[in-house]
Amino acid sequence: FMIEHIQDAYKILTKIYKDKTYSTQALFSDDISPLSSRIVLGVLEKDIYIEYVLECLIKKNPKDNIMLILKIGTYMLTFLDNIPNYAIVNECVNFTKSLGKKGVSSFVNAVLKMVSTKQYELPKQGDQNYYSVFYSKPQWFIDRLIDEYGEEDTIKMLNASLEVYDYEHIRFDPKKDKSLTIKSLQEQGTIIRETNVHGFVVQNNEIIKEMFKGGEL
């Protein structure tokens, strides 16, 4: 069920936002699904963009735990195209209720429905905050890059930063020798890291996708 992926992402993001745990430590210490890890990494990467969207739709920010649910829902609605919008909204609402926050579940429902129908206006090219929101980077960071490198080279660097792979959590067949596969992946330039729960986190590139198709993972 999708609510389980949302719940796992919520727990890890709480550690990062509230407890100030390093993202790598929080993410790789738990055995979570590829979807959950994608949500976590996506919310962190697109935080400024997501906050801008929510600021357009909310007059007063809710408590941190509800804001986090809205961030998760906004990321999923905006950047995941393989899950129906209604399912994302419903599961975020159900998760809100599962936290004992039934009273604000209608608020979550209303805000995420506005996100799903894009009832907000993003900055236009030429606006001062356009690059900050579009690339989800702090305005001071954008300003510094432009001062040092000029606008054209800054855009090139920012575009390059978008070319980031998602990561997958995998387990190898315990009956097979995984050392050769790991060595092969590393030689081909694939990032792979063992977790604390006897699984692995790998860069979700074309090599990994082909291995999934072939039943090797």
# chains A, B, ... in the order shown; residues from 1 in each chain; ligands from 1
$ residues_around --residues "Ala87 in chain A" --least-positions-apart "2" --cutoff "12 Å" --atoms "only C-alpha atoms" --output "list in words"
Phe1, Met2, Ile3, Ile6, Gly73, Met76, Leu77, Leu80, Asp81, Asn82, Ile83, Pro84, Asn85, Val89, Asn90, Glu91, Cys92, Val93, Asn94, Asn109, Leu112, Lys113 and Ser116 of chain A
$ atom_distance --atom1 "CA of Val202 in chain A" --atom2 "CA of Asn65 in chain A"
29.5 Å
$ residues_around --residues "Ile155 in chain A" --least-positions-apart "3" --cutoff "12 Å" --atoms "only C-alpha atoms" --output "NGL selection string"
:A and (130-132 or 134-135 or 142-143 or 145-146 or 149-152 or 158-162)
$ write_last_selection --atoms "C-alpha atoms" --output "PDB file, in the first residue's frame"
ATOM      1  CA  TYR A 130      13.007  32.433 -11.103  1.00  0.00           C
ATOM      2  CA  TYR A 131      16.286  30.485 -10.957  1.00  0.00           C
ATOM      3  CA  SER A 132      15.993  29.917  -7.208  1.00  0.00           C
ATOM      4  CA  PHE A 134      13.060  26.527 -10.836  1.00  0.00           C
ATOM      5  CA  TYR A 135      16.339  24.922  -9.744  1.00  0.00           C
ATOM      6  CA  ILE A 142      22.158  31.777  -7.185  1.00  0.00           C
ATOM      7  CA  ASP A 143      23.306  35.365  -6.663  1.00  0.00           C
ATOM      8  CA  LEU A 145      27.106  31.994  -8.796  1.00  0.00           C
ATOM      9  CA  ILE A 146      25.983  34.768 -11.137  1.00  0.00           C
ATOM     10  CA  TYR A 149      30.552  33.078 -13.209  1.00  0.00           C
ATOM     11  CA  GLY A 150      27.968  35.174 -15.018  1.00  0.00           C
ATOM     12  CA  GLU A 151      24.414  34.208 -15.865  1.00  0.00           C
ATOM     13  CA  GLU A 152      25.157  31.979 -18.885  1.00  0.00           C
ATOM     14  CA  LEU A 158      22.479  24.513 -12.698  1.00  0.00           C
ATOM     15  CA  ASN A 159      21.284  22.416 -15.633  1.00  0.00           C
ATOM     16  CA  ALA A 160      24.113  19.967 -15.010  1.00  0.00           C
ATOM     17  CA  SER A 161      23.006  19.692 -11.382  1.00  0.00           C
ATOM     18  CA  LEU A 162      19.594  18.457 -12.549  1.00  0.00           C
TER      19      LEU A 162
END
$ closest_residue --among "A:Ile207, A:Ile16, A:Ile88, A:Val115" --to "Ile50 in chain A" --atoms "only C-alpha atoms"
A:Val115
$ select_by_dssp --residues "range 21-186 of chain A" --states "strand (DSSP E)" --output "PDB file with all heavy atoms, in the first residue's frame"
ATOM      1  N   TYR A 167      18.158   6.804  -6.503  1.00  0.00           N
ATOM      2  CA  TYR A 167      18.826   5.642  -5.940  1.00  0.00           C
ATOM      3  C   TYR A 167      17.795   4.565  -5.607  1.00  0.00           C
ATOM      4  O   TYR A 167      16.646   4.856  -5.296  1.00  0.00           O
ATOM      5  CB  TYR A 167      19.622   6.029  -4.685  1.00  0.00           C
ATOM      6  CG  TYR A 167      20.868   6.810  -5.018  1.00  0.00           C
ATOM      7  CD1 TYR A 167      20.797   8.180  -5.273  1.00  0.00           C
ATOM      8  CD2 TYR A 167      22.092   6.184  -5.121  1.00  0.00           C
ATOM      9  CE1 TYR A 167      21.932   8.898  -5.614  1.00  0.00           C
ATOM     10  CE2 TYR A 167      23.235   6.892  -5.454  1.00  0.00           C
ATOM     11  CZ  TYR A 167      23.154   8.248  -5.696  1.00  0.00           C
ATOM     12  OH  TYR A 167      24.268   8.944  -6.035  1.00  0.00           O
ATOM     13  N   GLU A 168      18.222   3.319  -5.694  1.00  0.00           N
ATOM     14  CA  GLU A 168      17.369   2.181  -5.399  1.00  0.00           C
ATOM     15  C   GLU A 168      17.953   1.389  -4.235  1.00  0.00           C
ATOM     16  O   GLU A 168      19.170   1.283  -4.092  1.00  0.00           O
ATOM     17  CB  GLU A 168      17.269   1.244  -6.617  1.00  0.00           C
ATOM     18  CG  GLU A 168      16.586   1.849  -7.835  1.00  0.00           C
ATOM     19  CD  GLU A 168      15.087   1.833  -7.737  1.00  0.00           C
ATOM     20  OE1 GLU A 168      14.560   1.489  -6.663  1.00  0.00           O
ATOM     21  OE2 GLU A 168      14.429   2.160  -8.738  1.00  0.00           O
ATOM     22  N   HIS A 169      17.055   0.839  -3.422  1.00  0.00           N
ATOM     23  CA  HIS A 169      17.471  -0.097  -2.377  1.00  0.00           C
ATOM     24  C   HIS A 169      17.293  -1.498  -2.932  1.00  0.00           C
ATOM     25  O   HIS A 169      16.211  -1.832  -3.422  1.00  0.00           O
ATOM     26  CB  HIS A 169      16.609   0.087  -1.127  1.00  0.00           C
ATOM     27  CG  HIS A 169      16.937   1.340  -0.376  1.00  0.00           C
ATOM     28  ND1 HIS A 169      17.539   1.335   0.851  1.00  0.00           N
ATOM     29  CD2 HIS A 169      16.768   2.641  -0.697  1.00  0.00           C
ATOM     30  CE1 HIS A 169      17.716   2.575   1.265  1.00  0.00           C
ATOM     31  NE2 HIS A 169      17.246   3.394   0.346  1.00  0.00           N
ATOM     32  N   ILE A 170      18.333  -2.317  -2.868  1.00  0.00           N
ATOM     33  CA  ILE A 170      18.255  -3.660  -3.430  1.00  0.00           C
ATOM     34  C   ILE A 170      18.791  -4.691  -2.449  1.00  0.00           C
ATOM     35  O   ILE A 170      19.486  -4.356  -1.480  1.00  0.00           O
ATOM     36  CB  ILE A 170      19.067  -3.777  -4.750  1.00  0.00           C
ATOM     37  CG1 ILE A 170      20.565  -3.558  -4.472  1.00  0.00           C
ATOM     38  CG2 ILE A 170      18.549  -2.814  -5.798  1.00  0.00           C
ATOM     39  CD1 ILE A 170      21.449  -3.894  -5.637  1.00  0.00           C
TER      40      ILE A 170
END
$ atom_distance --atom1 "CA of Ser33 in chain A" --atom2 "CA of His5 in chain A"
6.9 Å
$ residues_around --residues "Gln119 in chain A" --least-positions-apart "2" --cutoff "12 Å" --atoms "only C-alpha atoms" --output "MDAnalysis selection string"
chainID A and resid 53:58 110:117 121:122
$ select_by_dssp --residues "range 44-84 of chain A" --states "alpha helix (DSSP H)" --output "PyMOL selection string"
chain A and resi 44-45+47-57+64-79
$ atom_distance --atom1 "CA of Pro138 in chain A" --atom2 "CA of Glu51 in chain A"
11.7 Å
$ residues_around --residues "range 37-48 of chain A" --least-positions-apart "5" --cutoff "7 Å" --atoms "only C-alpha atoms" --output "number ranges by chain"
A: 9, 13, 32, 71-72, 75, 133, 136-137, 166-167
$ residues_around --residues "Glu4 in chain A" --least-positions-apart "4" --cutoff "9 Å" --atoms "only C-alpha atoms" --output "ChimeraX atom specification"
/A:8-9,36,95
$ decode --residues "range 34-57 of chain A" --atoms "N, CA and C atoms" --output "PDB file, in the first residue's frame"
ATOM      1  N   PRO A  34      12.263   1.465  -2.668  1.00  0.00           N
ATOM      2  CA  PRO A  34      12.766   2.447  -3.631  1.00  0.00           C
ATOM      3  C   PRO A  34      11.876   3.691  -3.715  1.00  0.00           C
ATOM      4  N   LEU A  35      10.542   3.501  -3.634  1.00  0.00           N
ATOM      5  CA  LEU A  35       9.644   4.655  -3.703  1.00  0.00           C
ATOM      6  C   LEU A  35       9.843   5.561  -2.498  1.00  0.00           C
ATOM      7  N   SER A  36       9.974   4.984  -1.312  1.00  0.00           N
ATOM      8  CA  SER A  36      10.181   5.793  -0.105  1.00  0.00           C
ATOM      9  C   SER A  36      11.475   6.588  -0.196  1.00  0.00           C
ATOM     10  N   SER A  37      12.551   5.926  -0.648  1.00  0.00           N
ATOM     11  CA  SER A  37      13.829   6.628  -0.756  1.00  0.00           C
ATOM     12  C   SER A  37      13.760   7.719  -1.811  1.00  0.00           C
ATOM     13  N   ARG A  38      13.022   7.463  -2.889  1.00  0.00           N
ATOM     14  CA  ARG A  38      12.869   8.485  -3.926  1.00  0.00           C
ATOM     15  C   ARG A  38      12.114   9.691  -3.384  1.00  0.00           C
ATOM     16  N   ILE A  39      11.091   9.457  -2.573  1.00  0.00           N
ATOM     17  CA  ILE A  39      10.340  10.561  -1.970  1.00  0.00           C
ATOM     18  C   ILE A  39      11.242  11.379  -1.059  1.00  0.00           C
ATOM     19  N   VAL A  40      12.026  10.696  -0.222  1.00  0.00           N
ATOM     20  CA  VAL A  40      12.922  11.387   0.708  1.00  0.00           C
ATOM     21  C   VAL A  40      13.902  12.265  -0.053  1.00  0.00           C
ATOM     22  N   LEU A  41      14.610  11.668  -1.008  1.00  0.00           N
ATOM     23  CA  LEU A  41      15.604  12.422  -1.774  1.00  0.00           C
ATOM     24  C   LEU A  41      14.962  13.542  -2.589  1.00  0.00           C
ATOM     25  N   GLY A  42      13.761  13.267  -3.109  1.00  0.00           N
ATOM     26  CA  GLY A  42      13.070  14.263  -3.912  1.00  0.00           C
ATOM     27  C   GLY A  42      12.622  15.467  -3.107  1.00  0.00           C
ATOM     28  N   VAL A  43      12.065  15.226  -1.925  1.00  0.00           N
ATOM     29  CA  VAL A  43      11.621  16.327  -1.062  1.00  0.00           C
ATOM     30  C   VAL A  43      12.814  17.187  -0.659  1.00  0.00           C
ATOM     31  N   LEU A  44      13.925  16.537  -0.334  1.00  0.00           N
ATOM     32  CA  LEU A  44      15.122  17.292   0.055  1.00  0.00           C
ATOM     33  C   LEU A  44      15.662  18.109  -1.114  1.00  0.00           C
ATOM     34  N   GLU A  45      15.705  17.497  -2.288  1.00  0.00           N
ATOM     35  CA  GLU A  45      16.259  18.175  -3.467  1.00  0.00           C
ATOM     36  C   GLU A  45      15.375  19.327  -3.928  1.00  0.00           C
ATOM     37  N   LYS A  46      14.051  19.161  -3.826  1.00  0.00           N
ATOM     38  CA  LYS A  46      13.105  20.147  -4.357  1.00  0.00           C
ATOM     39  C   LYS A  46      12.464  20.994  -3.250  1.00  0.00           C
ATOM     40  N   ASP A  47      13.104  21.063  -2.104  1.00  0.00           N
ATOM     41  CA  ASP A  47      12.501  21.716  -0.938  1.00  0.00           C
ATOM     42  C   ASP A  47      12.101  23.162  -1.213  1.00  0.00           C
ATOM     43  N   ILE A  48      12.972  23.938  -1.831  1.00  0.00           N
ATOM     44  CA  ILE A  48      12.673  25.353  -2.081  1.00  0.00           C
ATOM     45  C   ILE A  48      11.509  25.484  -3.061  1.00  0.00           C
ATOM     46  N   TYR A  49      11.517  24.675  -4.106  1.00  0.00           N
ATOM     47  CA  TYR A  49      10.419  24.675  -5.083  1.00  0.00           C
ATOM     48  C   TYR A  49       9.097  24.328  -4.384  1.00  0.00           C
ATOM     49  N   ILE A  50       9.129  23.279  -3.577  1.00  0.00           N
ATOM     50  CA  ILE A  50       7.919  22.811  -2.890  1.00  0.00           C
ATOM     51  C   ILE A  50       7.399  23.876  -1.933  1.00  0.00           C
ATOM     52  N   GLU A  51       8.304  24.485  -1.175  1.00  0.00           N
ATOM     53  CA  GLU A  51       7.876  25.516  -0.222  1.00  0.00           C
ATOM     54  C   GLU A  51       7.260  26.708  -0.947  1.00  0.00           C
ATOM     55  N   TYR A  52       7.804  27.047  -2.095  1.00  0.00           N
ATOM     56  CA  TYR A  52       7.234  28.158  -2.877  1.00  0.00           C
ATOM     57  C   TYR A  52       5.802  27.839  -3.295  1.00  0.00           C
ATOM     58  N   VAL A  53       5.590  26.631  -3.803  1.00  0.00           N
ATOM     59  CA  VAL A  53       4.246  26.218  -4.223  1.00  0.00           C
ATOM     60  C   VAL A  53       3.277  26.288  -3.049  1.00  0.00           C
ATOM     61  N   LEU A  54       3.689  25.760  -1.911  1.00  0.00           N
ATOM     62  CA  LEU A  54       2.797  25.739  -0.743  1.00  0.00           C
ATOM     63  C   LEU A  54       2.537  27.148  -0.219  1.00  0.00           C
ATOM     64  N   GLU A  55       3.532  28.014  -0.276  1.00  0.00           N
ATOM     65  CA  GLU A  55       3.328  29.397   0.164  1.00  0.00           C
ATOM     66  C   GLU A  55       2.294  30.114  -0.699  1.00  0.00           C
ATOM     67  N   CYS A  56       2.189  29.706  -1.958  1.00  0.00           N
ATOM     68  CA  CYS A  56       1.180  30.292  -2.846  1.00  0.00           C
ATOM     69  C   CYS A  56      -0.234  29.887  -2.445  1.00  0.00           C
ATOM     70  N   LEU A  57      -0.362  28.759  -1.769  1.00  0.00           N
ATOM     71  CA  LEU A  57      -1.671  28.170  -1.503  1.00  0.00           C
ATOM     72  C   LEU A  57      -2.108  28.247  -0.036  1.00  0.00           C
TER      73      LEU A  57
END
